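Enquirer: Here it is, the structure, as structure tokens.
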Amino acid sequence: MNPFPPGSYVVDEARSVFDEFVTDASGRDAGEQLVAMRQVIDRLEGLWLAAAADFSESGELAESGHPTLASWMRHRCNLAPGEASARSRVAFAVTESQPATGKAVREGSLSWRHAQVIGNALREVPADRRDEAELALVAEGAHLDPGQLRQVATRLVHCFDRERADEAAVRRLDRRGLSVAETMDGMVSVSGLLDPVTGALLMTALNCKLRPTPVTDRGDGHGERSHDVTGGGGQGDELRTWSQRRADALAEICQEWLQGINETTVGGVRPHLSVIVDHATLAASRERRQGAENGAPIEPAQLAWIGPITATEAQMIGCDSTVSRIVTDGPSQILDVGRATRTIPPALRRAVSSRDRSCIGPGCHRPPEHCDVHHIVFWEHGGETSLDNTVLLCRRHHGMVHLKRWKVVVEPDGTRRLAPP
């Protein structure tokens, strides 16, 4: 049993840390005060961890009824389960097996996250070299954030024991997995872990879509400045979070692969996005879909893998796609299957691309390769598949037209632009 329970020192040490901060930081500017305050937080965190370890060993934890320190942290300090487990491991490490790390955390030169990185790395280092490795990582951690320190620690593990590093790599690879599932509200949840190589591939591909790319002046008003042609930009783009931008980038990557690179077949045809939709649903006006007109109820479309989607979403998909006519007598009796016809012929796509040069969205200059060809008057409402009735829209602005009621306005001189509702 620990003869020095936390109650015997934690208040005095905490008061000492605060007093030192008030004395030293009162004459500094705002930025320096914030840095000093951050160090105070880290020092108090270190004190808290050391006191938590002592609390666990003093016998008071057993009297509280909790089986582990992590359980006590979770229920008494309102920490998330993973956070409580991680902090409890660090608490024992910095008071027992990592004295140099514990000292640095108590002094405020390292955070508990740094200590967590160091502890994880030391478990992969041969026992006879852990003291050496710990001192090296403590020194490096003083000027690195935890993520940067993790990279240094990984390199250090490779230097100390290549075989052990390879074993760790195999364990990481075995943990890989990806889950894709529909949620109760019709969204799709994507979660998982990727091995370092696959993760780097994904981040590289997303970065290519998110990184601004300059457009040179073509003399047509589309390239007077540098614009973000791959990652969005333009009016309303500041409303997208980075998480939303990455989701949109992933959608573009999948769409481009299916359209231009993929040569495989499934069931005798190239993989494609399949939507089954009744003609009345596809052709319904916005007012009709919202119930402003009388008539039969509008049936939802059916999207492969997902299930029901709205008529608006089906119309957006159908703007630039291959449409197959299937005539039925009732819901199940098929009378005729027509030949698939492309809504936008290749020649027309080339003409629209030559005229518009890029997405017509405000401030958006994504090239034709990243755009859909949109019918100004919807094809389902009788709009012609013609040069006059089509424009280039990137995926984001295409969704704004169909889902957020933006309008394509054709000026007297033939210029096309998007206008908000």
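By convention here, the chains of the structure tokens are called A, B, ... in the order presented, each chain's residues are numbered starting at 1, and ligands are numbered starting at 1 in the order presented.
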Please identify all polymer residues within 12 Å of Met184 (chain A), counting only C-alpha atoms, omitting same-chain residues fewer than 4 positions from it, and present them as a PyMOL selection string.

Expert: chain A and resi 188-189+306-308

Enquirer: Would you put the residues from that selection into a file with N, CA and C atoms, as a compact mmCIF listing (two decimals), in the first residue's frame?

Expert:
# COMPACT_ATOMS: atom_id res chain seq x y z
N VAL A 188 -24.79 6.51 -45.34
CA VAL A 188 -23.90 5.36 -45.36
C VAL A 188 -22.73 5.65 -44.43
N SER A 189 -22.53 4.78 -43.46
CA SER A 189 -21.45 4.95 -42.49
C SER A 189 -20.21 4.19 -42.97
N ILE A 306 -28.55 0.64 -51.41
CA ILE A 306 -29.00 1.59 -50.39
C ILE A 306 -30.48 1.44 -50.09
N GLY A 307 -31.32 1.49 -51.15
CA GLY A 307 -32.75 1.46 -50.95
C GLY A 307 -33.40 2.73 -51.45
N PRO A 308 -34.49 3.17 -50.81
CA PRO A 308 -35.24 4.32 -51.32
C PRO A 308 -34.44 5.61 -51.27

Enquirer: Can you pull out the residues contacting region 389-392 of chain A? Cut-off 7 Å, using only C-alpha atoms, and skip same-chain residues under 2 positions away; I want them as number ranges by chain.

Expert: A: 352-353, 356, 358-360, 368, 371-377, 384-387, 394

Enquirer: For the selection you just gave me, I'd like the residues written to a file as an mmCIF file, in the first residue's frame, keeping C-alpha atoms.

Expert:
data_model
loop_
_atom_site.group_PDB
_atom_site.id
_atom_site.type_symbol
_atom_site.label_atom_id
_atom_site.label_comp_id
_atom_site.auth_asym_id
_atom_site.auth_seq_id
_atom_site.Cartn_x
_atom_site.Cartn_y
_atom_site.Cartn_z
ATOM 1 C CA VAL A 352 -20.807 21.600 -74.000
ATOM 2 C CA SER A 353 -17.261 21.236 -72.656
ATOM 3 C CA ASP A 356 -18.434 26.200 -70.959
ATOM 4 C CA SER A 358 -15.547 24.375 -66.735
ATOM 5 C CA CYS A 359 -18.318 24.256 -64.147
ATOM 6 C CA ILE A 360 -20.478 27.400 -64.390
ATOM 7 C CA PRO A 368 -15.102 19.172 -67.751
ATOM 8 C CA CYS A 371 -18.348 17.745 -64.219
ATOM 9 C CA ASP A 372 -21.775 16.392 -65.113
ATOM 10 C CA VAL A 373 -23.780 17.692 -68.054
ATOM 11 C CA HIS A 374 -26.986 19.098 -66.591
ATOM 12 C CA HIS A 375 -30.299 19.721 -68.389
ATOM 13 C CA ILE A 376 -31.466 23.291 -67.670
ATOM 14 C CA VAL A 377 -35.048 22.204 -68.307
ATOM 15 C CA GLU A 384 -34.277 18.702 -74.961
ATOM 16 C CA THR A 385 -30.895 17.010 -74.954
ATOM 17 C CA SER A 386 -29.366 19.872 -76.869
ATOM 18 C CA LEU A 387 -26.492 22.311 -76.602
ATOM 19 C CA CYS A 394 -19.425 19.937 -60.872
#

Enquirer: Could you tell me which of A:Ala153, A:Ala142, A:Val40, A:Leu49 comes closest to Ala93 (chain A) if we count only C-alpha atoms?

Expert: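 The answer is A:Leu49, which sits nearest to Ala93 (chain A).
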
Enquirer: Closest to Leu110 (chain A) among A:Tyr9, A:Glu63, A:Ser88, A:Glu45, using only C-alpha atoms?

Expert: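 Answer, going by the shortest atom-to-atom distance: A:Glu45.
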
Enquirer: List as a ChimeraX atom specification the protein and nucleic acid residues near Phe21 (chain A), meaning an atom at most 9 Å away when only C-alpha atoms are counted, but skip any in the same chain fewer than 6 places from it.

Expert: /A:33,36-37,40

Enquirer: Closest to Leu178 (chain A) among A:Asp278, A:Asp195, A:Ala62, A:Gln151, using only C-alpha atoms?

Expert: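 Of A:Asp278, A:Asp195, A:Ala62, A:Gln151, the one nearest Leu178 (chain A), counting only C-alpha atoms, is A:Asp195.
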
Enquirer: One number please: CA of His398 (chain A) to CA of Glu182 (chain A), in Å, one decimal.

Expert: 23.6 Å

Enquirer: For region 98-104 of chain A, work out the shell of residues within 9 Å, counting only C-alpha atoms and skipping chain neighbours fewer than 6 positions away, then give it as an NGL selection string.

Expert: :A and (43 or 46 or 50 or 91-92 or 110-111 or 114-115 or 118-119 or 131 or 134-135 or 137-138 or 142)
